[in-house]
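Participant: Take a look at coords20.txt, compact mmCIF, C-alpha atoms:
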# COMPACT_ATOMS: atom_id res chain seq x y z
CA MET A 916 16.35 7.90 35.79
CA ARG A 917 17.86 9.88 38.65
CA ARG A 918 16.36 7.45 41.15
CA VAL A 919 17.83 4.44 39.31
CA GLY A 920 21.21 6.17 39.28
CA VAL A 921 21.14 6.66 43.05
CA VAL A 922 20.36 2.98 43.55
CA LEU A 923 23.24 1.98 41.29
CA ALA A 924 25.59 4.30 43.13
CA ALA A 925 24.57 2.87 46.49
CA CYS A 926 25.27 -0.64 45.22
CA ALA A 927 28.64 0.45 43.87
CA LEU A 928 29.55 1.98 47.22
CA ALA A 929 28.73 -1.30 48.95
CA MET A 930 30.62 -3.50 46.50
CA PRO A 931 34.21 -2.69 47.64
CA VAL A 932 33.44 -4.04 51.13
CA ALA A 933 33.11 -7.52 49.63
CA VAL A 934 36.04 -7.38 47.23
CA THR A 935 38.64 -5.03 48.76
CA ALA A 936 40.05 -7.97 50.76
CA GLN A 937 41.47 -9.29 47.48
CA TRP A 938 44.02 -6.47 47.60
CA GLN A 939 45.96 -4.66 50.32
CA PHE A 940 46.23 -1.08 49.11
CA GLY A 941 49.07 1.20 50.09
CA ASP A 942 48.80 4.95 50.48
CA PRO A 943 48.75 7.01 47.28
CA VAL A 944 51.83 9.16 46.63
CA ASN A 945 52.64 11.85 44.11
CA VAL A 946 54.67 10.89 41.07
CA SER A 947 54.65 14.46 39.84
CA PRO A 948 52.59 16.82 42.01
CA GLN A 949 50.20 19.54 40.98
CA THR A 950 51.80 22.98 41.08
CA THR A 951 50.50 26.52 41.16
CA GLN A 952 51.27 26.75 37.44
CA SER A 953 48.68 25.66 34.90
CA HIS A 954 50.40 22.63 33.43
CA TYR A 955 48.87 19.29 32.59
CA HIS A 956 49.95 15.65 32.72
CA HIS A 957 48.89 13.19 30.03
CA LEU A 958 48.68 9.39 30.12
CA ASP A 959 47.42 8.76 26.60
CA GLY A 960 49.98 6.43 25.02
CA SER A 961 48.96 3.60 22.73
CA ALA A 962 48.13 0.47 24.81
CA ARG A 963 48.64 2.55 28.01
CA ARG A 964 52.15 1.25 28.79
CA HIS A 965 52.91 4.07 31.23
CA VAL A 966 54.13 2.02 34.20
CA ALA A 967 56.45 -0.97 34.49
CA ALA A 968 57.71 -2.79 37.58
CA SER A 969 60.43 -5.26 38.42
CA ALA A 970 60.54 -7.21 41.69
CA GLU A 971 62.32 -4.27 43.33
CA GLN A 972 61.51 -1.02 41.49
CA VAL A 973 58.79 0.78 39.53
CA ALA A 974 59.08 3.24 36.64
CA VAL A 975 56.46 5.68 35.34
CA VAL A 976 56.53 7.69 32.09
CA TRP A 977 54.22 10.50 31.01
CA GLU A 978 54.02 13.74 29.09
CA ASP A 979 53.48 17.22 30.55
CA ASP A 980 53.91 20.83 29.44
CA ARG A 981 55.74 22.39 32.41
CA SER A 982 58.56 23.62 30.14
CA GLY A 983 56.16 25.44 27.84
CA SER A 984 56.01 22.57 25.34
CA PRO A 985 54.96 18.93 25.72
CA GLN A 986 57.89 16.77 26.85
CA VAL A 987 58.32 13.21 28.16
CA TYR A 988 59.39 12.54 31.75
CA LEU A 989 60.37 9.48 33.77
CA ALA A 990 60.15 8.79 37.50
CA THR A 991 61.45 5.75 39.38
CA LYS A 992 61.54 4.49 42.95
CA ARG A 993 62.15 1.31 44.90
CA HIS A 994 59.02 -0.36 46.22
CA GLU A 995 59.77 0.44 49.86
CA GLU A 996 60.41 4.12 49.13
CA SER A 997 57.72 6.81 49.20
CA THR A 998 59.36 9.38 46.90
CA PHE A 999 59.96 9.20 43.16
CA ARG A 1000 63.11 10.47 41.42
CA GLU A 1001 62.21 12.34 38.25
CA GLN A 1002 64.06 13.20 35.04
CA ARG A 1003 63.26 14.39 31.54
CA LEU A 1004 63.73 11.82 28.75
CA SER A 1005 62.89 13.71 25.55
CA ASP A 1006 65.34 16.16 24.00
CA GLY A 1007 63.45 17.79 21.13
CA GLY A 1008 60.90 20.49 20.42
CA GLU A 1009 57.80 18.45 21.32
CA ALA A 1010 57.30 14.90 22.60
CA TYR A 1011 54.19 12.81 23.20
CA GLU A 1012 52.68 9.51 24.34
CA PRO A 1013 55.52 7.50 25.92
CA ALA A 1014 55.63 3.80 26.80
CA VAL A 1015 57.91 1.87 29.17
CA VAL A 1016 58.86 -1.78 29.76
CA VAL A 1017 61.19 -3.66 32.12
CA LEU A 1018 64.50 -5.03 30.83
CA PRO A 1019 66.67 -7.67 32.55
CA GLY A 1020 69.12 -6.38 35.12
CA GLU A 1021 66.92 -3.70 36.71
CA ARG A 1022 66.88 -1.64 33.53
CA TRP A 1023 64.05 -0.03 31.61
CA LEU A 1024 63.27 0.97 28.06
CA ALA A 1025 61.10 3.97 27.17
CA ALA A 1026 59.90 5.04 23.72
CA TRP A 1027 57.90 8.08 22.58
CA GLU A 1028 56.93 10.26 19.64
CA GLN A 1029 59.21 13.28 19.21
CA ASP A 1030 59.10 15.93 16.47
CA GLY A 1031 57.35 13.57 14.08
CA GLY A 1032 59.64 10.57 14.67
CA ILE A 1033 60.04 7.75 17.18
CA LYS A 1034 62.71 7.93 19.89
CA ALA A 1035 63.76 5.49 22.61
CA ARG A 1036 66.12 5.38 25.57
CA VAL A 1037 67.45 2.86 28.10
CA PHE A 1038 67.83 3.87 31.72
CA ASP A 1039 68.79 2.34 35.07
CA ALA A 1040 69.71 3.47 38.56
CA ALA A 1041 72.82 5.15 37.19
CA GLY A 1042 70.90 7.31 34.74
CA ALA A 1043 69.73 7.34 31.12
CA GLY A 1044 71.60 6.21 28.04
CA PRO A 1045 71.72 8.06 24.71
CA VAL A 1046 68.51 8.84 22.83
CA ALA A 1047 68.09 6.45 19.89
CA THR A 1048 66.10 7.26 16.76
CA LEU A 1049 63.88 4.34 15.77
CA LEU A 1050 62.10 6.24 12.99
CA GLU A 1051 63.15 9.63 11.59
CA GLN A 1052 59.76 10.94 10.43
CA GLY A 1053 56.13 9.95 10.00
CA GLY A 1054 55.79 7.94 13.22
CA ARG A 1055 53.25 8.16 16.04
CA GLN A 1056 51.39 6.04 18.60
CA VAL A 1057 54.40 3.96 19.68
CA SER A 1058 54.12 1.08 22.13
CA LEU A 1059 56.52 -1.56 23.45
CA ALA A 1060 56.68 -5.27 24.27
CA ALA A 1061 59.33 -7.15 26.27
CA ASP A 1062 59.65 -10.51 28.02
CA ASP A 1063 61.84 -12.30 30.55
CA ALA A 1064 63.90 -13.92 27.77
CA GLY A 1065 65.21 -10.51 26.70
CA ARG A 1066 63.08 -10.07 23.59
CA VAL A 1067 62.14 -6.44 22.96
CA SER A 1068 60.02 -4.95 20.17
CA ALA A 1069 58.50 -1.59 19.36
CA VAL A 1070 55.34 -1.03 17.32
CA TRP A 1071 54.01 2.23 15.90
CA ALA A 1072 51.79 3.77 13.25
CA ARG A 1073 53.67 5.22 10.26
CA SER A 1074 52.28 7.67 7.70
CA GLN A 1075 51.70 5.92 4.38
CA ARG A 1076 49.74 6.79 1.21
CA GLY A 1077 47.33 9.21 2.76
CA GLY A 1078 46.81 7.07 5.85
CA GLN A 1079 48.95 5.14 8.29
CA GLN A 1080 50.20 1.57 8.72
CA ILE A 1081 51.32 -0.44 11.77
CA GLU A 1082 54.99 -1.41 11.79
CA ALA A 1083 57.05 -3.50 14.21
CA ILE A 1084 60.77 -3.61 14.88
CA ASP A 1085 62.88 -5.93 17.04
CA LEU A 1086 65.43 -4.19 19.25
CA VAL A 1087 68.72 -5.34 20.70
CA ILE A 1088 69.88 -3.69 23.93
CA GLU A 1089 73.62 -3.52 24.64
CA GLU A 1090 74.14 -2.11 28.14
CA ASN A 1091 72.53 1.33 27.84
CA ARG A 1092 72.47 1.50 24.01
CA ILE A 1093 69.70 0.48 21.61
CA VAL A 1094 70.64 -1.43 18.47
CA THR A 1095 68.19 -1.80 15.58
CA PRO A 1096 69.54 -4.70 13.51
CA ALA A 1097 66.88 -4.56 10.77
CA PRO A 1098 64.31 -2.12 9.39
CA ALA A 1099 60.79 -2.12 10.72
CA SER A 1100 58.32 -4.41 8.95
CA ALA A 1101 54.65 -3.89 8.20
CA VAL A 1102 52.32 -5.92 10.41
CA ALA A 1103 49.50 -6.01 7.83
CA PRO A 1104 49.27 -4.77 4.22
CA LEU A 1105 47.63 -1.49 3.34
CA GLU A 1106 44.37 -1.56 1.42
CA ASP A 1107 41.91 1.06 0.18
CA ARG A 1108 41.03 3.76 2.73
CA PRO A 1109 44.15 2.96 4.74
CA TYR A 1110 44.13 3.66 8.44
CA GLN A 1111 45.77 1.45 11.04
CA GLY A 1112 46.37 2.99 14.43
CA TYR A 1113 46.96 2.68 18.18
CA PRO A 1114 48.83 -0.63 18.24
CA ALA A 1115 49.33 -2.88 21.27
CA ALA A 1116 51.95 -5.62 21.50
CA ALA A 1117 52.97 -8.47 23.80
CA PHE A 1118 55.18 -11.55 23.67
CA THR A 1119 53.50 -14.90 24.22
CA ALA A 1120 54.96 -17.88 26.07
CA GLN A 1121 56.09 -19.26 22.69
CA GLY A 1122 58.17 -16.14 21.97
CA ARG A 1123 55.53 -15.03 19.46
CA LEU A 1124 55.05 -11.28 18.98
CA LEU A 1125 51.31 -10.58 19.16
CA VAL A 1126 50.06 -7.22 17.81
CA ALA A 1127 46.56 -5.71 17.82
CA TRP A 1128 45.36 -2.38 16.40
CA GLU A 1129 42.49 -0.19 15.22
CA ASP A 1130 41.62 -0.50 11.52
CA ARG A 1131 39.28 1.84 9.60
CA ARG A 1132 39.53 0.48 6.06
CA ALA A 1133 35.82 -0.52 6.14
CA GLY A 1134 34.71 3.05 6.82
CA HIS A 1135 34.33 2.47 10.57
CA THR A 1136 36.68 1.21 13.25
CA ARG A 1137 37.34 -2.49 13.73
CA LEU A 1138 40.05 -4.25 15.74
CA PHE A 1139 42.50 -6.69 14.16
CA HIS A 1140 45.37 -8.79 15.41
CA SER A 1141 48.32 -10.60 13.88
CA TRP A 1142 51.40 -12.41 15.14
CA ARG A 1143 54.94 -13.28 14.16
CA ASP A 1144 56.83 -16.33 15.34
CA PRO A 1145 60.59 -15.83 15.84
CA GLY A 1146 62.30 -15.51 12.47
CA ARG A 1147 59.03 -15.52 10.53
CA SER A 1148 56.78 -13.00 8.80
CA PHE A 1149 53.51 -11.75 10.24
CA ALA A 1150 50.50 -14.00 9.73
CA PRO A 1151 47.38 -12.76 7.90
CA ALA A 1152 45.39 -10.47 10.18
CA ARG A 1153 42.22 -11.65 11.93
CA GLN A 1154 39.41 -9.51 13.27
CA LEU A 1155 39.33 -9.33 17.05
CA ASN A 1156 36.02 -7.63 17.88
CA GLU A 1157 32.71 -9.15 16.89
CA HIS A 1158 31.25 -7.08 14.10
CA PHE A 1159 27.61 -6.69 13.29
CA ALA A 1160 25.40 -4.04 11.71
CA PRO A 1161 22.59 -3.15 14.12
CA ALA A 1162 19.06 -3.48 12.79
CA ASP A 1163 18.16 0.13 13.67
CA THR A 1164 21.11 1.35 11.50
CA GLU A 1165 21.76 4.25 13.89
CA GLN A 1166 25.31 3.02 14.28
CA GLY A 1167 25.86 2.90 10.53
CA LEU A 1168 28.27 0.24 9.36
CA GLY A 1169 28.97 -1.18 12.82
CA THR A 1170 29.49 -0.49 16.49
CA GLY A 1171 32.32 1.79 17.62
CA VAL A 1172 35.47 0.29 19.12
CA MET A 1173 38.73 1.92 20.18
CA ARG A 1174 42.02 1.64 22.06
CA VAL A 1175 42.76 -2.06 22.26
CA THR A 1176 45.39 -3.36 24.69
CA ILE A 1177 46.71 -6.89 25.16
CA ALA A 1178 48.53 -8.88 27.85
CA VAL A 1179 49.76 -12.43 28.43
CA GLY A 1180 49.40 -14.46 31.63
CA ALA A 1181 51.91 -16.89 33.10
CA ASP A 1182 49.99 -19.92 31.79
CA GLY A 1183 50.27 -18.66 28.21
CA GLU A 1184 46.75 -17.28 27.94
CA ALA A 1185 46.50 -13.99 26.05
CA ARG A 1186 43.76 -11.43 26.64
CA ALA A 1187 42.68 -8.26 24.88
CA ILE A 1188 40.38 -5.55 26.17
CA TRP A 1189 39.08 -2.41 24.48
CA LEU A 1190 36.35 0.24 24.59
CA ASP A 1191 33.22 -0.90 22.74
CA LYS A 1192 30.07 1.07 21.95
CA ARG A 1193 27.75 -1.80 21.00
CA ASN A 1194 25.32 -0.51 23.64
CA ALA A 1195 25.15 3.03 22.28
CA ALA A 1196 22.73 4.30 24.94
CA SER A 1197 25.35 4.11 27.70
CA GLY A 1198 28.41 4.97 25.61
CA TYR A 1199 31.63 2.98 25.59
CA ALA A 1200 31.98 -0.09 27.80
CA VAL A 1201 34.99 -2.33 28.47
CA TRP A 1202 34.85 -5.54 26.43
CA GLY A 1203 37.45 -8.21 25.88
CA ALA A 1204 38.36 -11.59 24.47
CA SER A 1205 40.67 -14.43 25.46
CA SER A 1206 43.08 -16.64 23.51
CA GLY A 1207 44.15 -20.07 24.70
CA ASP A 1208 46.49 -20.76 21.75
CA GLY A 1209 49.03 -17.98 22.17
CA GLY A 1210 47.18 -15.31 20.24
CA LEU A 1211 46.45 -17.29 17.08
CA THR A 1212 42.71 -17.06 17.68
CA PHE A 1213 40.51 -15.25 20.19
CA GLY A 1214 37.22 -16.51 21.57
CA PRO A 1215 33.86 -14.77 21.94
CA ASN A 1216 33.77 -11.17 23.12
CA ARG A 1217 32.79 -10.78 26.79
CA ILE A 1218 31.97 -7.63 28.74
CA VAL A 1219 34.54 -6.86 31.45
CA GLN A 1220 32.84 -4.42 33.82
CA ASP A 1221 29.87 -5.49 35.94
CA ASP A 1222 26.28 -4.20 35.96
CA MET A 1223 27.14 -1.35 38.34
CA GLY A 1224 28.79 0.45 35.43
CA ALA A 1225 26.01 -0.23 32.94
CA ALA A 1226 24.46 3.25 33.06
CA VAL A 1227 27.66 5.24 32.41
CA ALA A 1228 30.46 5.28 29.86
CA GLN A 1229 33.87 3.76 30.58
CA TRP A 1230 37.17 5.32 29.46
CA HIS A 1231 40.92 4.63 29.35
CA ALA A 1232 40.93 0.84 29.70
CA ALA A 1233 44.29 -0.68 30.72
CA LEU A 1234 45.34 -4.33 31.14
CA SER A 1235 48.16 -6.34 32.69
CA GLY A 1236 48.81 -10.07 33.08
CA GLY A 1237 50.91 -12.17 35.46
CA ASP A 1238 51.16 -15.37 37.47
CA SER A 1239 47.84 -14.74 39.19
CA GLY A 1240 45.90 -13.88 36.04
CA PHE A 1241 44.84 -10.53 34.60
CA VAL A 1242 43.90 -7.14 36.04
CA ALA A 1243 42.01 -4.41 34.16
CA ALA A 1244 41.55 -0.75 35.10
CA TRP A 1245 39.52 2.11 33.67
CA ASN A 1246 37.67 5.19 34.88
CA ASP A 1247 33.96 5.95 34.94
CA ALA A 1248 31.52 8.20 36.78
CA ARG A 1249 29.14 5.61 38.26
CA GLU A 1250 29.28 7.21 41.73
CA SER A 1251 28.49 10.72 40.48
CA TRP A 1252 24.79 9.90 40.81
CA ALA A 1253 25.17 10.11 44.58
CA ASN A 1254 27.88 12.80 44.75
CA PRO A 1255 27.84 15.55 42.10
CA ASP A 1256 31.36 16.65 43.15
CA GLU A 1257 32.75 13.42 41.71
CA THR A 1258 33.54 13.41 37.99
CA GLY A 1259 35.26 10.06 37.75
CA ASP A 1260 36.91 7.27 39.70
CA VAL A 1261 39.41 4.52 38.89
CA ILE A 1262 37.82 1.06 38.73
CA LEU A 1263 39.53 -2.36 38.93
CA SER A 1264 38.47 -5.83 37.86
CA TRP A 1265 40.59 -9.00 37.83
CA THR A 1266 40.19 -12.58 36.70
CA VAL A 1267 38.95 -15.22 39.12
CA ASP A 1268 38.85 -18.74 37.65
CA GLY A 1269 38.89 -17.19 34.21
CA SER A 1270 36.00 -14.76 34.77
CA TRP A 1271 36.13 -11.06 35.59
CA SER A 1272 35.54 -10.13 39.24
CA PRO A 1273 32.96 -7.64 40.51
CA ASP A 1274 34.24 -4.11 39.98
CA LEU A 1275 36.18 -2.36 42.71
CA VAL A 1276 36.22 1.43 43.07
CA VAL A 1277 39.87 1.87 44.05
CA PRO A 1278 40.50 3.30 47.54
CA GLY A 1279 42.76 6.31 47.13
CA ALA A 1280 41.93 6.72 43.44
CA SER A 1281 38.31 7.78 43.93
CA GLY A 1282 36.32 10.53 45.57
CA ASP A 1283 35.90 14.24 44.92
CA GLY A 1284 37.08 15.65 41.63
CA TYR A 1285 38.44 13.71 38.66
CA GLN A 1286 40.42 10.50 39.15
CA GLY A 1287 41.09 8.85 35.81
CA SER A 1288 43.27 7.93 32.84
CA PRO A 1289 44.77 4.94 34.70
CA ALA A 1290 47.66 2.71 33.69
CA LEU A 1291 48.74 -0.39 35.59
CA THR A 1292 51.14 -3.30 35.70
CA LEU A 1293 51.75 -6.43 37.75
CA ASP A 1294 55.27 -7.09 39.03
CA PRO A 1295 56.84 -10.59 39.21
CA THR A 1296 55.68 -11.04 42.83
CA GLY A 1297 52.03 -10.30 41.98
CA GLY A 1298 52.07 -6.72 43.25
CA LEU A 1299 49.82 -4.26 41.44
CA HIS A 1300 51.18 -0.84 40.46
CA LEU A 1301 48.65 1.82 39.43
CA VAL A 1302 49.15 5.37 38.16
CA TRP A 1303 46.45 7.89 37.30
CA ILE A 1304 45.69 11.57 36.84
CA THR A 1305 43.80 13.57 39.45
CA ARG A 1306 42.42 17.12 39.40
CA PRO A 1307 39.88 19.00 41.56
CA ASP A 1308 37.64 19.54 38.54
CA LEU A 1309 37.86 19.19 34.77
CA THR A 1310 39.22 22.72 34.30
CA ALA A 1311 42.00 22.54 36.92
CA PRO A 1312 45.68 21.62 36.45
CA THR A 1313 46.54 17.98 37.06
CA ALA A 1314 48.68 15.87 39.39
CA LEU A 1315 50.04 12.39 38.70
CA ARG A 1316 49.45 9.82 41.45
CA TYR A 1317 50.61 6.27 42.20
CA LEU A 1318 49.72 3.45 44.56
CA ARG A 1319 50.81 -0.12 45.06
CA ALA A 1320 48.54 -2.98 46.08
CA LEU A 1321 49.56 -6.44 47.26
CA PRO A 1322 47.43 -9.55 46.82
CA GLY A 1323 45.15 -10.12 49.81
CA ARG A 1324 45.71 -13.02 52.16
As a first step, turn the structure in this file into structure tokens.
Facilitator:
Amino acid sequence: MRRVGVVLAACALAMPVAVTAQWQFGDPVNVSPQTTQSHYHHLDGSARRHVAASAEQVAVVWEDDRSGSPQVYLATKRHEESTFREQRLSDGGEAYEPAVVVLPGERWLAAWEQDGGIKARVFDAAGAGPVATLLEQGGRQVSLAADDAGRVSAVWARSQRGGQQIEAIDLVIEENRIVTPAPASAVAPLEDRPYQGYPAAAFTAQGRLLVAWEDRRAGHTRLFHSWRDPGRSFAPARQLNEHFAPADTEQGLGTGVMRVTIAVGADGEARAIWLDKRNAASGYAVWGASSGDGGLTFGPNRIVQDDMGAAVAQWHAALSGGDSGFVAAWNDARESWANPDETGDVILSWTVDGSWSPDLVVPGASGDGYQGSPALTLDPTGGLHLVWITRPDLTAPTALRYLRALPGR
């Protein structure tokens, strides 16, 4: 097995030579550097909406414990700048798992869990607006969706009847204030053994709000999706991942799936990716599905990563869509076979004529130590913005890093 691993690693090392020309990578910079103190950055929000970019600026949100308790922070910079400007967004006892999206007019919206509720805040170059309470208590796992038409929605999991249920709310932004014109609505009804969690949301070209989530009502985790046209109620939920009970029964009721995320391309295609354990021997892999009808239905499940990652588990899958198609990122340890000092690298794949490209081990987000927990977005010009966590080893404090890549010529 060791010999096979070395061969796979050698192939993975050779692969970027063929595909790196698709992107022109800039130099990595610190968003929030590692310090001599033992504090830790986290990029663990639902749907991994930790970075958002306009044509001119980029914003990053995360959680760290530098103050002695977990709090949410924001950093922004213009694309041509090399240094981020940082500020704290949360104002409570503890805050977790933020998300961020672009608003018209070079503004941004961030949301996060704080002291058991859901908070949100608008910010721009002049600073941050007031903290708005979207949900007083019982909320977690918030994510956001926004589009160029000015539509903005938040989704979260709310404690209900011994479990939790996905809710969605439409937001109105007035300058730097958040207005919530109506209560949140349930995306799907609760049933026996209620658990709905880790939602992802995106607006389609039709203005439809598309939502996907984890669902454990069957005694194991499945993925579902639903949608709401403007002014309408949510449609009945459909299952997103292919479900089957393996013949050897070692996986019980079905294969493991987790942490779905969704994105929409400029041509109206919607895609979802998630971590899927249908090949239990190698752990989780990145799988996905595509929708050509604006999220009403999704086609067959297809594996995203290539064969070079087949022998190791994948983690922290992120997805973004734009004019040029879709880009996915995750981290895995495929190159650790050849270099035991490596414990993970950030991997990219993108769509080419509808299919996923060969994997690329990202220059600047790979090498010694741990490079992982990525989040990414595409800006309106096709530029790729990537953030991730790095640490010398899995026991060391962390640093938060960023790089920008432009489409190759």
Participant: Find the spatial neighbours of Asp1182 in chain A, counting all atoms listed in the file, within a cut-off of 12 Å - ignore same-chain residues fewer than 5 positions away - and output them as an MDAnalysis selection string.
Facilitator: chainID A and resid 1119:1121 1206:1209 1236:1241 1269
Participant: Write out as a list in words each polymer residue whose atoms come within 10 Å of Pro1278 in chain A, counting only C-alpha atoms; drop sequence neighbours fewer than 4 positions from it.
Facilitator: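 Contacts, with the query itself left out: Pro931, Thr935, Phe940, Gly941, Asp942, Pro943, Asp1260, Val1261, Ile1262, Gly1282 and Leu1318 of chain A.
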Participant: So the first atom is CA of Lys1034 in chain A and the second is CA of Gly1122 in chain A; what is the distance between them in Å, to one decimal place?
Facilitator: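 According to the coordinates, CA of Lys1034 in chain A and CA of Gly1122 in chain A are separated by 24.6 Å.
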Participant: What separation in Å, quoted to one decimal, exists between CA of Pro1215 in chain A and CA of Asn1156 in chain A?
Facilitator: 8.5 Å
Participant: Between CA of His957 in chain A and CA of Asn945 in chain A, what is the spacing in Å?
Facilitator: 14.6 Å
Participant: Might you pull out every residue within 8 Å of range 971-977 of chain A, with all atoms listed in the file counted and same-chain residues fewer than 5 positions away left off, and present them as a PyMOL selection string?
Facilitator: chain A and resi 946+956-958+965-966+987-994+1012-1015+1021+1023+1025+1300+1302
Participant: List the residues sitting within 7 Å of (37.3, -5.2, 26.4) in the file's frame, using only C-alpha atoms, as a PDB file with C-alpha atoms, keeping the file's coordinate frame.
Facilitator:
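Result file is selection-v2.pdb:
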ATOM      1  CA  ALA A1187      42.680  -8.260  24.880  1.00  0.00           C
ATOM      2  CA  ILE A1188      40.380  -5.550  26.170  1.00  0.00           C
ATOM      3  CA  TRP A1189      39.080  -2.410  24.480  1.00  0.00           C
ATOM      4  CA  LEU A1190      36.350   0.240  24.590  1.00  0.00           C
ATOM      5  CA  ASP A1191      33.220  -0.900  22.740  1.00  0.00           C
ATOM      6  CA  VAL A1201      34.990  -2.330  28.470  1.00  0.00           C
ATOM      7  CA  TRP A1202      34.850  -5.540  26.430  1.00  0.00           C
ATOM      8  CA  GLY A1203      37.450  -8.210  25.880  1.00  0.00           C
ATOM      9  CA  ALA A1204      38.360 -11.590  24.470  1.00  0.00           C
ATOM     10  CA  ILE A1218      31.970  -7.630  28.740  1.00  0.00           C
ATOM     11  CA  VAL A1219      34.540  -6.860  31.450  1.00  0.00           C
TER      12      VAL A1219
END
Participant: Within 10 Å of Leu1234 in chain A, counting all atoms listed in the file, which residues qualify if same-chain residues fewer than 2 places away don't, as a PyMOL selection string?
Facilitator: chain A and resi 962-964+1175-1179+1186-1189+1232+1236+1241-1245+1263-1265+1289-1293
Participant: For C-alpha atoms, I'd like the residues from the last selection saved as a PDB file, keeping the file's coordinate frame.
Facilitator:
ATOM      1  CA  ALA A 962      48.130   0.470  24.810  1.00  0.00           C
ATOM      2  CA  ARG A 963      48.640   2.550  28.010  1.00  0.00           C
ATOM      3  CA  ARG A 964      52.150   1.250  28.790  1.00  0.00           C
ATOM      4  CA  VAL A1175      42.760  -2.060  22.260  1.00  0.00           C
ATOM      5  CA  THR A1176      45.390  -3.360  24.690  1.00  0.00           C
ATOM      6  CA  ILE A1177      46.710  -6.890  25.160  1.00  0.00           C
ATOM      7  CA  ALA A1178      48.530  -8.880  27.850  1.00  0.00           C
ATOM      8  CA  VAL A1179      49.760 -12.430  28.430  1.00  0.00           C
ATOM      9  CA  ARG A1186      43.760 -11.430  26.640  1.00  0.00           C
ATOM     10  CA  ALA A1187      42.680  -8.260  24.880  1.00  0.00           C
ATOM     11  CA  ILE A1188      40.380  -5.550  26.170  1.00  0.00           C
ATOM     12  CA  TRP A1189      39.080  -2.410  24.480  1.00  0.00           C
ATOM     13  CA  ALA A1232      40.930   0.840  29.700  1.00  0.00           C
ATOM     14  CA  GLY A1236      48.810 -10.070  33.080  1.00  0.00           C
ATOM     15  CA  PHE A1241      44.840 -10.530  34.600  1.00  0.00           C
ATOM     16  CA  VAL A1242      43.900  -7.140  36.040  1.00  0.00           C
ATOM     17  CA  ALA A1243      42.010  -4.410  34.160  1.00  0.00           C
ATOM     18  CA  ALA A1244      41.550  -0.750  35.100  1.00  0.00           C
ATOM     19  CA  TRP A1245      39.520   2.110  33.670  1.00  0.00           C
ATOM     20  CA  LEU A1263      39.530  -2.360  38.930  1.00  0.00           C
ATOM     21  CA  SER A1264      38.470  -5.830  37.860  1.00  0.00           C
ATOM     22  CA  TRP A1265      40.590  -9.000  37.830  1.00  0.00           C
ATOM     23  CA  PRO A1289      44.770   4.940  34.700  1.00  0.00           C
ATOM     24  CA  ALA A1290      47.660   2.710  33.690  1.00  0.00           C
ATOM     25  CA  LEU A1291      48.740  -0.390  35.590  1.00  0.00           C
ATOM     26  CA  THR A1292      51.140  -3.300  35.700  1.00  0.00           C
ATOM     27  CA  LEU A1293      51.750  -6.430  37.750  1.00  0.00           C
TER      28      LEU A1293
END
Participant: Which of these, A:Ser1074, A:Asp1221, A:Ser982, A:Gly1323, has the shortest distance to Ser1272 in chain A once you count only C-alpha atoms?
Facilitator: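 Checking each candidate against Ser1272 in chain A, we get A:Asp1221 as the closest.
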Participant: Quick one: of A:Leu1309, A:Gly960, A:Gln1052, A:Gln1075, who's nearest to Ala1026 in chain A, counting only C-alpha atoms?
Facilitator: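 So, comparing all the options, the nearest one is A:Gly960.
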Participant: Could you check which of A:Gly1042, A:Val1227, A:Arg1036, A:Ala1101 is closest to Glu1089 in chain A, using only C-alpha atoms?
Facilitator: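 Looking at the shortest contact to Glu1089 in chain A, the residue is A:Arg1036.
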Participant: List as a list in words the protein and nucleic acid residues near Gly983 in chain A, meaning an atom at most 12 Å away when all atoms listed in the file are counted, but skip any in the same chain fewer than 2 places from it.
Facilitator: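 Those residues are Gln952, Ser953, His954, Tyr955, Glu978, Asp979, Asp980, Arg981, Pro985, Gln986, Gly1008, Glu1009 and Ala1010 of chain A.
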Participant: At most 10 Å is the cut-off: for each residue in range 987-1101 of chain A with any atom that close to an atom of range 1139-1149 of chain A, write down the nearest atom pair and the distance in Å rounded to one decimal, counting all atoms listed in the file, chain first then increasing number, as a tab-separated table.
Facilitator:
residue	atom	partner	partner_atom	distance
A:Arg1066	CA	A:Pro1145	CA	10.0
A:Ala1083	CA	A:Phe1149	CA	9.8
A:Ser1100	CA	A:Ser1148	CA	8.7
A:Ala1101	CA	A:Phe1149	CA	8.2
Participant: Counting all atoms listed in the file, which residue out of A:Ala1133, A:Leu1018, A:Ala1041, A:Ala1320 sits closest to Ala1064 in chain A?
Facilitator: A:Leu1018
Participant: For each of A:Ala1116, A:Leu1004, A:Ala1226, A:Leu1050, take the minimum atom-to-atom distance to Ser1251 in chain A, counting only C-alpha atoms, then give the residue where this is smallest.
Facilitator: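 Ranked by minimum distance to Ser1251 in chain A, first place goes to A:Ala1226.
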Participant: With distances taken over all atoms listed in the file, which residue among A:Ala1152, A:Ala1181, A:Asp1283, A:Gln1079 lies nearest Pro1307 in chain A?
Facilitator: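 Selected residue with least distance to Pro1307 in chain A: A:Asp1283.
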Participant: Draw an axis-aligned box over all listed atoms of range 1172-1189 of chain A, pad each side with 6 Å, and write its centre and edge lengths in Å, one decimal, as AutoDock Vina command-line options.
Facilitator:
--center_x 43.7 --center_y -9.0 --center_z 26.1 --size_x 28.4 --size_y 33.8 --size_z 26.0
Participant: Find the residues with any atom within 8 Å of (49.5, -3.0, 20.4); use all atoms listed in the file and the coordinates as given in the file, and write the answer as an NGL selection string.
Facilitator: :A and (961-962 or 1058-1059 or 1070 or 1113-1117 or 1125-1128 or 1175-1177)
